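S.K.: I am sharing structure39.txt, which consists of compact mmCIF, C-alpha atoms:
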# COMPACT_ATOMS: atom_id res chain seq x y z
CA MET A 26 7.45 28.91 -20.80
CA TYR A 27 10.03 26.27 -20.00
CA LYS A 28 10.29 22.66 -21.00
CA ALA A 29 11.39 20.38 -18.17
CA THR A 30 13.13 17.08 -18.79
CA ILE A 31 12.98 14.90 -15.71
CA ILE A 32 14.79 11.65 -15.01
CA ILE A 33 13.80 9.48 -12.07
CA LYS A 34 16.17 6.74 -11.02
CA ARG A 35 15.72 4.02 -8.49
CA ARG A 36 18.35 4.32 -5.75
CA LYS A 37 21.33 2.03 -6.20
CA GLN A 38 20.65 -0.10 -3.13
CA ILE A 39 17.00 -0.75 -4.10
CA LEU A 40 16.32 -3.95 -5.99
CA ASP A 41 15.10 -3.43 -9.56
CA PRO A 42 13.32 -6.63 -10.66
CA GLN A 43 12.38 -5.08 -14.03
CA GLY A 44 16.03 -4.28 -14.72
CA LYS A 45 16.98 -7.83 -13.75
CA ALA A 46 14.36 -9.26 -16.12
CA VAL A 47 15.68 -7.13 -18.98
CA GLU A 48 19.21 -8.26 -18.20
CA GLN A 49 18.06 -11.87 -18.46
CA GLY A 50 16.33 -11.00 -21.74
CA SER A 51 19.60 -9.67 -23.13
CA LYS A 52 21.17 -13.08 -22.49
CA LEU A 53 18.43 -14.64 -24.64
CA LEU A 54 19.61 -12.39 -27.46
CA ASN A 55 23.13 -13.68 -26.87
CA LEU A 56 24.18 -10.17 -25.82
CA ASN A 57 26.36 -11.33 -23.00
CA ASN A 58 28.14 -8.07 -22.28
CA ILE A 59 25.08 -6.39 -20.74
CA SER A 60 24.94 -5.94 -16.97
CA ASN A 61 23.64 -3.62 -14.23
CA VAL A 62 20.40 -2.81 -16.04
CA ARG A 63 18.40 -0.22 -14.08
CA ILE A 64 15.05 1.03 -15.30
CA GLY A 65 13.79 4.46 -14.37
CA LYS A 66 11.36 7.05 -15.70
CA PHE A 67 11.75 9.82 -18.23
CA ILE A 68 9.21 12.65 -18.08
CA GLU A 69 8.84 15.77 -20.22
CA LEU A 70 6.50 18.63 -19.40
CA ASN A 71 5.95 22.31 -19.96
CA VAL A 72 5.81 24.82 -17.16
CA GLU A 73 4.37 28.32 -17.55
CA SER A 74 6.80 30.44 -15.60
CA ALA A 75 8.26 33.87 -16.19
CA THR A 76 11.73 32.96 -14.96
CA GLU A 77 13.84 29.86 -14.81
CA ALA A 78 14.07 30.15 -11.03
CA GLU A 79 10.28 30.01 -10.72
CA ALA A 80 10.09 27.05 -13.07
CA LYS A 81 12.74 25.28 -11.03
CA VAL A 82 10.80 25.71 -7.80
CA GLU A 83 7.60 24.42 -9.41
CA VAL A 84 9.16 21.36 -11.06
CA ASP A 85 11.10 20.53 -7.91
CA LYS A 86 7.88 20.59 -5.90
CA LEU A 87 6.14 18.32 -8.43
CA CYS A 88 9.03 15.84 -8.34
CA ASN A 89 9.08 15.85 -4.55
CA LYS A 90 5.38 15.50 -3.99
CA LEU A 91 4.24 13.34 -6.86
CA LEU A 92 6.64 12.18 -9.54
CA ALA A 93 9.28 10.54 -7.34
CA ASN A 94 9.01 8.48 -4.19
CA LEU A 95 12.01 9.63 -2.21
CA ASN A 96 12.06 6.43 -0.15
CA ILE A 97 13.29 4.55 -3.18
CA GLU A 98 14.01 7.06 -5.98
CA ASN A 99 16.15 10.08 -6.80
CA TYR A 100 15.38 12.62 -9.49
CA GLU A 101 17.15 15.20 -11.60
CA PHE A 102 15.85 17.62 -14.20
CA SER A 103 16.90 20.26 -16.69
CA LEU A 104 14.97 23.26 -18.02
CA GLU A 105 14.96 24.69 -21.49
CA LYS A 106 13.35 28.01 -22.45
CA GLN A 107 10.68 27.59 -25.14
CA MET B 2 -20.16 1.28 22.59
CA LYS B 3 -22.26 0.59 19.50
CA GLN B 4 -21.14 -1.26 16.39
CA PRO B 5 -18.78 0.86 14.27
CA LYS B 6 -19.93 2.50 11.07
CA PHE B 7 -17.69 1.66 8.13
CA GLY B 8 -16.86 3.99 5.24
CA ILE B 9 -15.40 2.33 2.16
CA VAL B 10 -13.55 4.63 -0.23
CA VAL B 11 -14.18 4.07 -3.93
CA PHE B 12 -11.41 5.20 -6.28
CA PRO B 13 -11.54 4.82 -10.06
CA GLY B 14 -10.06 1.33 -10.37
CA SER B 15 -11.01 0.01 -6.92
CA ASN B 16 -12.21 -3.57 -7.32
CA CYS B 17 -12.50 -4.93 -3.78
CA ASP B 18 -14.81 -2.17 -2.52
CA HIS B 19 -17.94 -4.32 -2.88
CA ASP B 20 -16.26 -7.30 -1.21
CA ALA B 21 -15.39 -5.12 1.79
CA TYR B 22 -18.93 -3.67 1.82
CA TYR B 23 -20.39 -7.17 1.74
CA VAL B 24 -18.33 -8.25 4.75
CA THR B 25 -19.00 -5.28 7.02
CA LYS B 26 -22.65 -4.83 6.00
CA LYS B 27 -23.94 -8.33 5.28
CA ILE B 28 -21.72 -10.55 7.40
CA PHE B 29 -21.35 -8.24 10.42
CA ASN B 30 -24.49 -6.10 10.06
CA CYS B 31 -22.54 -2.89 10.58
CA GLU B 32 -23.77 0.30 9.00
CA THR B 33 -21.59 0.81 5.90
CA GLU B 34 -21.36 3.47 3.21
CA PHE B 35 -19.32 3.94 0.08
CA LEU B 36 -17.26 7.15 -0.02
CA TRP B 37 -16.61 8.47 -3.55
CA HIS B 38 -13.04 9.68 -4.13
CA LYS B 39 -14.21 13.09 -5.38
CA ASP B 40 -16.21 13.77 -2.21
CA SER B 41 -14.69 14.89 1.03
CA ASP B 42 -17.44 13.87 3.47
CA LEU B 43 -16.58 10.77 5.49
CA LYS B 44 -20.30 10.44 6.41
CA SER B 45 -19.59 10.04 10.14
CA SER B 46 -17.76 6.75 9.59
CA ASP B 47 -15.90 5.26 12.55
CA ILE B 48 -13.62 3.05 10.48
CA ILE B 49 -12.42 3.94 6.98
CA ILE B 50 -11.42 1.14 4.62
CA LEU B 51 -9.20 1.83 1.62
CA PRO B 52 -9.97 -1.23 -0.51
CA GLY B 53 -7.91 -3.23 -2.96
CA GLY B 54 -7.79 -2.61 -6.68
CA PHE B 55 -5.79 -0.61 -9.17
CA SER B 56 -6.65 2.98 -8.37
CA TYR B 57 -5.84 5.30 -11.29
CA GLY B 58 -4.54 2.29 -13.21
CA ASP B 59 -1.48 2.09 -10.93
CA TYR B 60 -0.05 4.89 -13.10
CA LEU B 61 3.24 6.45 -12.00
CA ARG B 62 3.43 4.25 -8.87
CA THR B 63 0.76 2.22 -7.08
CA GLY B 64 -1.34 4.56 -4.94
CA ALA B 65 0.62 7.65 -5.97
CA ILE B 66 -2.26 9.51 -7.63
CA ALA B 67 -5.09 8.22 -5.42
CA ARG B 68 -3.25 9.76 -2.50
CA PHE B 69 -4.17 13.23 -3.83
CA SER B 70 -7.91 12.54 -4.22
CA PRO B 71 -10.18 15.00 -2.36
CA ILE B 72 -11.40 12.18 -0.09
CA MET B 73 -7.82 11.42 0.97
CA GLU B 74 -7.42 14.88 2.43
CA SER B 75 -10.32 14.06 4.76
CA VAL B 76 -8.93 10.58 5.45
CA ILE B 77 -5.53 12.04 6.36
CA ASN B 78 -7.15 14.59 8.73
CA PHE B 79 -9.29 11.83 10.22
CA ALA B 80 -6.24 9.60 10.78
CA GLU B 81 -4.22 12.44 12.29
CA LYS B 82 -7.00 12.96 14.82
CA GLY B 83 -6.89 9.28 15.80
CA GLY B 84 -9.57 7.94 13.42
CA ILE B 85 -9.24 4.29 12.42
CA VAL B 86 -8.07 3.67 8.85
CA PHE B 87 -7.56 0.22 7.37
CA GLY B 88 -5.86 -0.20 3.97
CA ILE B 89 -5.98 -3.50 2.13
CA CYS B 90 -3.61 -4.23 -0.78
CA ASN B 91 -3.92 -1.12 -3.00
CA GLY B 92 -5.30 0.61 0.11
CA PHE B 93 -2.03 -0.25 1.89
CA GLN B 94 -0.07 1.15 -1.06
CA ILE B 95 -2.09 4.38 -0.84
CA LEU B 96 -1.45 4.70 2.92
CA LEU B 97 2.29 4.45 2.28
CA GLU B 98 2.18 7.05 -0.50
CA ALA B 99 0.16 9.32 1.81
CA ASN B 100 2.85 8.91 4.48
CA LEU B 101 0.29 7.61 6.96
CA LEU B 102 2.45 4.50 7.22
CA PRO B 103 6.21 4.17 6.74
CA GLY B 104 7.96 2.34 3.89
CA THR B 105 7.23 1.52 0.25
CA LEU B 106 5.75 -1.40 -1.66
CA LEU B 107 8.01 -2.35 -4.56
CA GLN B 108 7.38 -4.71 -7.42
CA ASN B 109 7.42 -8.37 -6.38
CA LYS B 110 10.93 -9.80 -6.44
CA SER B 111 9.82 -12.43 -8.99
CA THR B 112 8.33 -9.66 -11.24
CA LYS B 113 5.20 -11.86 -11.34
CA PHE B 114 1.70 -11.04 -10.19
CA VAL B 115 1.07 -13.51 -7.35
CA CYS B 116 -2.45 -14.72 -6.59
CA LYS B 117 -2.69 -17.47 -3.95
CA ASP B 118 -3.49 -18.28 -0.33
CA VAL B 119 -0.69 -17.48 2.11
CA TYR B 120 -0.23 -17.96 5.84
CA LEU B 121 0.25 -15.00 8.12
CA LYS B 122 1.71 -15.04 11.59
CA VAL B 123 0.17 -12.53 13.96
CA GLU B 124 3.17 -10.72 15.44
CA ASN B 125 1.55 -8.23 17.77
CA ILE B 126 -1.51 -9.15 19.80
CA GLU B 127 -1.85 -5.85 21.62
CA SER B 128 -3.12 -3.73 18.74
CA LEU B 129 -6.65 -2.60 18.02
CA PHE B 130 -6.56 -4.84 14.99
CA THR B 131 -5.30 -8.01 16.64
CA LYS B 132 -6.01 -7.86 20.38
CA ASN B 133 -7.75 -11.05 21.57
CA ILE B 134 -7.50 -12.61 18.12
CA PHE B 135 -8.07 -16.30 18.78
CA LYS B 136 -5.83 -17.69 16.06
CA ASN B 137 -2.21 -16.74 15.54
CA ILE B 138 -1.74 -18.21 12.06
CA LEU B 139 -4.24 -17.00 9.49
CA LYS B 140 -4.76 -18.28 5.95
CA ILE B 141 -5.60 -15.31 3.72
CA PRO B 142 -5.25 -14.82 -0.05
CA ILE B 143 -2.92 -12.35 -1.72
CA ALA B 144 -3.30 -10.94 -5.24
CA HIS B 145 -0.70 -8.35 -6.15
CA GLY B 146 2.21 -7.42 -8.39
CA ASP B 147 3.65 -4.77 -6.06
CA GLY B 148 3.69 -6.22 -2.55
CA ASN B 149 7.38 -6.29 -1.83
CA TYR B 150 7.57 -4.26 1.38
CA PHE B 151 10.70 -2.16 1.70
CA ILE B 152 11.91 0.12 4.46
CA ASP B 153 15.43 1.35 5.20
CA GLU B 154 17.41 -0.04 8.10
CA ALA B 155 16.62 2.81 10.49
CA GLY B 156 12.92 2.52 9.64
CA LEU B 157 12.95 -1.22 10.23
CA ILE B 158 14.52 -0.78 13.67
CA GLU B 159 11.82 1.75 14.51
CA LEU B 160 9.03 -0.56 13.28
CA LYS B 161 10.33 -3.32 15.50
CA SER B 162 10.96 -1.25 18.58
CA ASN B 163 7.44 0.21 18.40
CA ASN B 164 5.83 -3.19 17.74
CA GLN B 165 4.35 -1.91 14.50
CA ILE B 166 4.71 -5.16 12.57
CA LEU B 167 1.38 -6.97 12.79
CA PHE B 168 1.71 -9.80 10.27
CA ARG B 169 4.54 -11.69 8.63
CA TYR B 170 4.31 -14.27 5.85
CA CYS B 171 4.93 -17.75 7.27
CA ASP B 172 4.38 -21.40 6.37
CA SER B 173 1.43 -23.46 7.65
CA ASN B 174 3.34 -24.18 10.87
CA GLY B 175 4.08 -20.54 11.54
CA LEU B 176 7.72 -20.67 10.47
CA ILE B 177 8.94 -17.45 8.93
CA ASN B 178 11.37 -18.21 6.13
CA GLU B 179 12.32 -17.27 2.59
CA THR B 180 10.16 -20.01 1.03
CA ALA B 181 7.06 -18.58 2.73
CA ASN B 182 7.82 -15.09 1.43
CA PRO B 183 5.67 -14.61 -1.70
CA ASN B 184 7.05 -11.26 -2.88
CA GLY B 185 10.45 -10.53 -1.36
CA SER B 186 9.18 -8.31 1.47
CA ILE B 187 11.86 -7.34 3.96
CA GLU B 188 11.68 -9.74 6.94
CA ASN B 189 8.48 -11.25 5.47
CA ILE B 190 6.44 -8.20 6.48
CA ALA B 191 2.80 -8.48 5.34
CA GLY B 192 1.06 -5.87 7.50
CA ILE B 193 2.01 -2.94 9.72
CA MET B 194 0.43 -0.14 11.72
CA ASN B 195 1.46 3.40 12.59
CA ILE B 196 3.01 4.31 15.93
CA ALA B 197 -0.28 5.66 17.28
CA GLY B 198 -1.95 2.35 16.42
CA ASN B 199 -4.94 3.71 14.48
CA VAL B 200 -3.75 3.27 10.88
CA PHE B 201 -3.27 -0.22 9.60
CA GLY B 202 -2.25 -1.67 6.22
CA MET B 203 -1.80 -5.18 4.86
CA MET B 204 -1.25 -6.75 1.43
CA PRO B 205 -3.39 -9.91 1.92
CA HIS B 206 -7.16 -9.69 1.40
CA PRO B 207 -9.20 -10.61 4.51
CA GLU B 208 -12.40 -9.49 2.74
CA ARG B 209 -11.92 -12.30 0.23
CA CYS B 210 -12.12 -15.02 2.87
CA SER B 211 -14.87 -13.92 5.20
CA ASP B 212 -17.91 -15.89 4.04
CA GLU B 213 -18.66 -19.54 4.93
CA VAL B 214 -19.65 -20.18 1.34
CA LEU B 215 -16.01 -19.71 0.31
CA HIS B 216 -14.85 -22.42 2.76
CA SER B 217 -12.21 -20.00 3.97
CA THR B 218 -13.11 -17.66 6.81
CA ASP B 219 -9.90 -16.48 8.46
CA GLY B 220 -10.54 -12.98 7.15
CA GLN B 221 -13.73 -12.92 9.18
CA ILE B 222 -11.64 -13.46 12.33
CA LEU B 223 -9.75 -10.27 11.58
CA PHE B 224 -12.84 -8.15 10.89
CA LYS B 225 -14.54 -9.59 13.98
CA THR B 226 -11.50 -8.74 16.13
CA ILE B 227 -11.45 -5.13 14.86
CA ILE B 228 -15.18 -4.69 15.50
CA GLN B 229 -15.00 -6.23 18.97
CA ASN B 230 -11.99 -4.15 19.94
CA PHE B 231 -13.76 -1.02 18.67
CA ILE B 232 -16.86 -1.79 20.77
CA LYS B 233 -14.75 -2.31 23.91
The structure given in the file should be rewritten as structure tokens.
M.R.:
Amino acid sequence: MYKATIIIKRRKQILDPQGKAVEQGSKLLNLNNISNVRIGKFIELNVESATEAEAKVEVDKLCNKLLANLNIENYEFSLEKQ
Amino acid sequence: MKQPKFGIVVFPGSNCDHDAYYVTKKIFNCETEFLWHKDSDLKSSDIIILPGGFSYGDYLRTGAIARFSPIMESVINFAEKGGIVFGICNGFQILLEANLLPGTLLQNKSTKFVCKDVYLKVENIESLFTKNIFKNILKIPIAHGDGNYFIDEAGLIELKSNNQILFRYCDSNGLINETANPNGSIENIAGIMNIAGNVFGMMPHPERCSDEVLHSTDGQILFKTIIQNFIK
């Protein structure tokens, strides 16, 4: 079994209103050095696979088909043997 | 041709399914059936409506999980064979996730949920959904947090060259400008169709302004136009 750690990021050119709102919030805390806030997703999951290569194929498929919307997001992941 | 039969898909979290049912069944006397998301039978419907709501709690992304419901496999097959599919609000989001329409609906630029009447300019009067529509500025309510239509530059050029943009947000005089844009949608886009012209999605809710009792009936014009164009 492998544990996958997946990070999904909004592409740079896509507006991130949530990130903007957080940036404004940081100003309210008088933390004026904060900028370029981008909010993405962090996902952990287990995958029952005999080999790392098989796990990679499966997680990649899941990211492509469900977890990320490739019109606006990119993803990356790492695998750790359990 | 006879009146179309409508099939209205019900996902967990749909909340405009009964409004749509009321309009097609009670206002227009068309045969109408609900289609449960776990079923795959479209019950011989001629027009499928994906209604508004918050299917699967909007988890992950709006429409992202609904798109894999068993009923959606049938809807996708139906659409690929030329069947008419109409997505409203969350239904539009699902059509985009299912790749039946191009682009993505992002969070509103303001980060706020917007619920108000807006004006829409009819941009294409040759489609099944808008042909012979007798008004070119419609007042229809919106109610969404993720209605900010985005498509990349190449996609936008394609939308325009194929006349796929059906509605844009405008002011009461039909002027398309930033002030009339409620959510930050690229070029004020409020509704589009696919190239083949049988799949149609829009963020505003025509089913919420289709009964005289509401003193707002522009949505009825849209449903009437679709039904008449189907019959012809």
S.K.: Can you build me a table of chain A residues sitting at most 8 Å from chain B, with the closest atom pair per residue and its distance in Å to one decimal, using all atoms listed in the file, sorted by chain and residue number, as JSON lines?
M.R.:
{"residue": "A:Leu40", "atom": "CA", "partner": "B:Lys110", "partner_atom": "CA", "distance": 8.0}
{"residue": "A:Pro42", "atom": "CA", "partner": "B:Lys110", "partner_atom": "CA", "distance": 5.8}
{"residue": "A:Gln43", "atom": "CA", "partner": "B:Thr112", "partner_atom": "CA", "distance": 6.7}
{"residue": "A:Ala46", "atom": "CA", "partner": "B:Thr112", "partner_atom": "CA", "distance": 7.8}
{"residue": "A:Leu91", "atom": "CA", "partner": "B:Ala65", "partner_atom": "CA", "distance": 6.8}
{"residue": "A:Leu92", "atom": "CA", "partner": "B:Leu61", "partner_atom": "CA", "distance": 7.1}
{"residue": "A:Asn94", "atom": "CA", "partner": "B:Glu98", "partner_atom": "CA", "distance": 7.9}
{"residue": "A:Asn96", "atom": "CA", "partner": "B:Thr105", "partner_atom": "CA", "distance": 6.9}
{"residue": "A:Ile97", "atom": "CA", "partner": "B:Thr105", "partner_atom": "CA", "distance": 7.6}
S.K.: Quick one, how far is atom CA of Gln38 of chain A from atom CA of Asn61 of chain A?
M.R.: 12.0 Å
S.K.: Taking all atoms listed in the file into account, which of B:Ile28, B:Ile9, B:Val123, B:Ala21 comes nearest Asp212 of chain B?
M.R.: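 With all atoms listed in the file as the atom set, the closest residue is B:Ile28.
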S.K.: May I ask which of the residues B:Leu51, B:Ile187, B:Ile134, B:Ile141 is the closest one to Asp18 of chain B, counting only C-alpha atoms?
M.R.: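 Among B:Leu51, B:Ile187, B:Ile134, B:Ile141, it is B:Leu51 that comes nearest to Asp18 of chain B.
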S.K.: With a distance cut-off of 6 Å and only C-alpha atoms, select the neighbouring residues of segment 34-40 of chain B, excluding the residue or stretch itself and same-chain residues fewer than 4 positions from it, and output the selection as a list in words.
M.R.: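 Counting only C-alpha atoms, the residues come to Gly8, Ile9, Val10, Val11, Phe12, Ser70, Pro71 and Ile72 of chain B.
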S.K.: Which residue out of A:Asp85, A:Asp41, A:Glu101, A:Glu48 has the minimum interatomic distance to Val72 of chain A when all atoms listed in the file are used?
M.R.: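 Answer, going by the shortest atom-to-atom distance: A:Asp85.
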S.K.: Which is closer to Ile32 of chain A than all the others in A:Glu73, A:Asn99, A:Glu83, A:Val62, using all atoms listed in the file?
M.R.: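 So, comparing all the options, the nearest one is A:Asn99.
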S.K.: What does the distance between atom CA of Glu188 of chain B and atom CA of Val115 of chain B come to in Å, to one decimal place?
M.R.: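 Between atom CA of Glu188 of chain B and atom CA of Val115 of chain B the gap is 18.2 Å.
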S.K.: May I ask for the distance between atom CA of Arg169 of chain B and atom CA of Ile64 of chain A, given in Å to one decimal place?
M.R.: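 According to the coordinates, atom CA of Arg169 of chain B and atom CA of Ile64 of chain A are separated by 29.1 Å.
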S.K.: Leaving out Asn100 of chain B and any residue of its chain fewer than 5 positions from it, which residues lie within 12 Å of it when counting only C-alpha atoms, given as a PDB file with C-alpha atoms, in the frame of the given file?
M.R.:
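This went into result.pdb:
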ATOM      1  CA  LYS A  90       5.380  15.500  -3.990  1.00  0.00           C
ATOM      2  CA  ASN A  94       9.010   8.480  -4.190  1.00  0.00           C
ATOM      3  CA  LEU A  95      12.010   9.630  -2.210  1.00  0.00           C
ATOM      4  CA  ASN A  96      12.060   6.430  -0.150  1.00  0.00           C
TER       5      ASN A  96
ATOM      6  CA  GLY B  64      -1.340   4.560  -4.940  1.00  0.00           C
ATOM      7  CA  ALA B  65       0.620   7.650  -5.970  1.00  0.00           C
ATOM      8  CA  ARG B  68      -3.250   9.760  -2.500  1.00  0.00           C
ATOM      9  CA  PHE B  69      -4.170  13.230  -3.830  1.00  0.00           C
ATOM     10  CA  MET B  73      -7.820  11.420   0.970  1.00  0.00           C
ATOM     11  CA  VAL B  76      -8.930  10.580   5.450  1.00  0.00           C
ATOM     12  CA  ILE B  77      -5.530  12.040   6.360  1.00  0.00           C
ATOM     13  CA  ALA B  80      -6.240   9.600  10.780  1.00  0.00           C
ATOM     14  CA  GLU B  81      -4.220  12.440  12.290  1.00  0.00           C
ATOM     15  CA  PHE B  93      -2.030  -0.250   1.890  1.00  0.00           C
ATOM     16  CA  GLN B  94      -0.070   1.150  -1.060  1.00  0.00           C
ATOM     17  CA  ILE B  95      -2.090   4.380  -0.840  1.00  0.00           C
ATOM     18  CA  THR B 105       7.230   1.520   0.250  1.00  0.00           C
ATOM     19  CA  MET B 194       0.430  -0.140  11.720  1.00  0.00           C
ATOM     20  CA  ASN B 195       1.460   3.400  12.590  1.00  0.00           C
ATOM     21  CA  VAL B 200      -3.750   3.270  10.880  1.00  0.00           C
ATOM     22  CA  GLY B 202      -2.250  -1.670   6.220  1.00  0.00           C
TER      23      GLY B 202
END
S.K.: Here is a test: counting all atoms listed in the file, which residue of B:Phe135, B:Lys233, B:Leu102, B:Gly175 is nearest to Gln221 of chain B?
M.R.: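 Checking each candidate against Gln221 of chain B, we get B:Phe135 as the closest.
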S.K.: Which polymer residues, protein or nucleic acid, are no farther than 6 Å from (-5.2, -2.2, -1.5), counting all atoms listed in the file, as a PDB file with C-alpha atoms, in the coordinates of the input?
M.R.:
ATOM      1  CA  PRO B  52      -9.970  -1.230  -0.510  1.00  0.00           C
ATOM      2  CA  GLY B  53      -7.910  -3.230  -2.960  1.00  0.00           C
ATOM      3  CA  GLY B  54      -7.790  -2.610  -6.680  1.00  0.00           C
ATOM      4  CA  GLY B  88      -5.860  -0.200   3.970  1.00  0.00           C
ATOM      5  CA  ILE B  89      -5.980  -3.500   2.130  1.00  0.00           C
ATOM      6  CA  CYS B  90      -3.610  -4.230  -0.780  1.00  0.00           C
ATOM      7  CA  ASN B  91      -3.920  -1.120  -3.000  1.00  0.00           C
ATOM      8  CA  GLY B  92      -5.300   0.610   0.110  1.00  0.00           C
ATOM      9  CA  PHE B  93      -2.030  -0.250   1.890  1.00  0.00           C
TER      10      PHE B  93
END
S.K.: Which residue out of A:Ala93, A:Ile59, A:Leu104, A:Leu53 has the minimum interatomic distance to Glu79 of chain A when all atoms listed in the file are used?
M.R.: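 Of the candidates, the smallest distance to Glu79 of chain A is held by A:Leu104.
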S.K.: Lys117 of chain B: which residues within 12 Å, counting only C-alpha atoms, same-chain residues fewer than 4 positions away excluded, as an NGL selection string?
M.R.: :B and (140-145 or 181 or 183-184 or 205-206 or 209-210)
S.K.: Please produce a file of the residues just selected, as a compact mmCIF listing (two decimals), in the frame of the given file, where the atoms kept are C-alpha atoms.
M.R.:
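Wrote out20.txt, looks like this:
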# COMPACT_ATOMS: atom_id res chain seq x y z
CA LYS B 140 -4.76 -18.28 5.95
CA ILE B 141 -5.60 -15.31 3.72
CA PRO B 142 -5.25 -14.82 -0.05
CA ILE B 143 -2.92 -12.35 -1.72
CA ALA B 144 -3.30 -10.94 -5.24
CA HIS B 145 -0.70 -8.35 -6.15
CA ALA B 181 7.06 -18.58 2.73
CA PRO B 183 5.67 -14.61 -1.70
CA ASN B 184 7.05 -11.26 -2.88
CA PRO B 205 -3.39 -9.91 1.92
CA HIS B 206 -7.16 -9.69 1.40
CA ARG B 209 -11.92 -12.30 0.23
CA CYS B 210 -12.12 -15.02 2.87
S.K.: Box along x, y and z, 6 Å on every side, all listed atoms of segment 81-100 of chain A inside: centre and edge lengths in Å to one decimal, as AutoDock Vina command-line options.
M.R.:
--center_x 10.2 --center_y 15.1 --center_z -5.6 --size_x 23.9 --size_y 33.2 --size_z 22.9
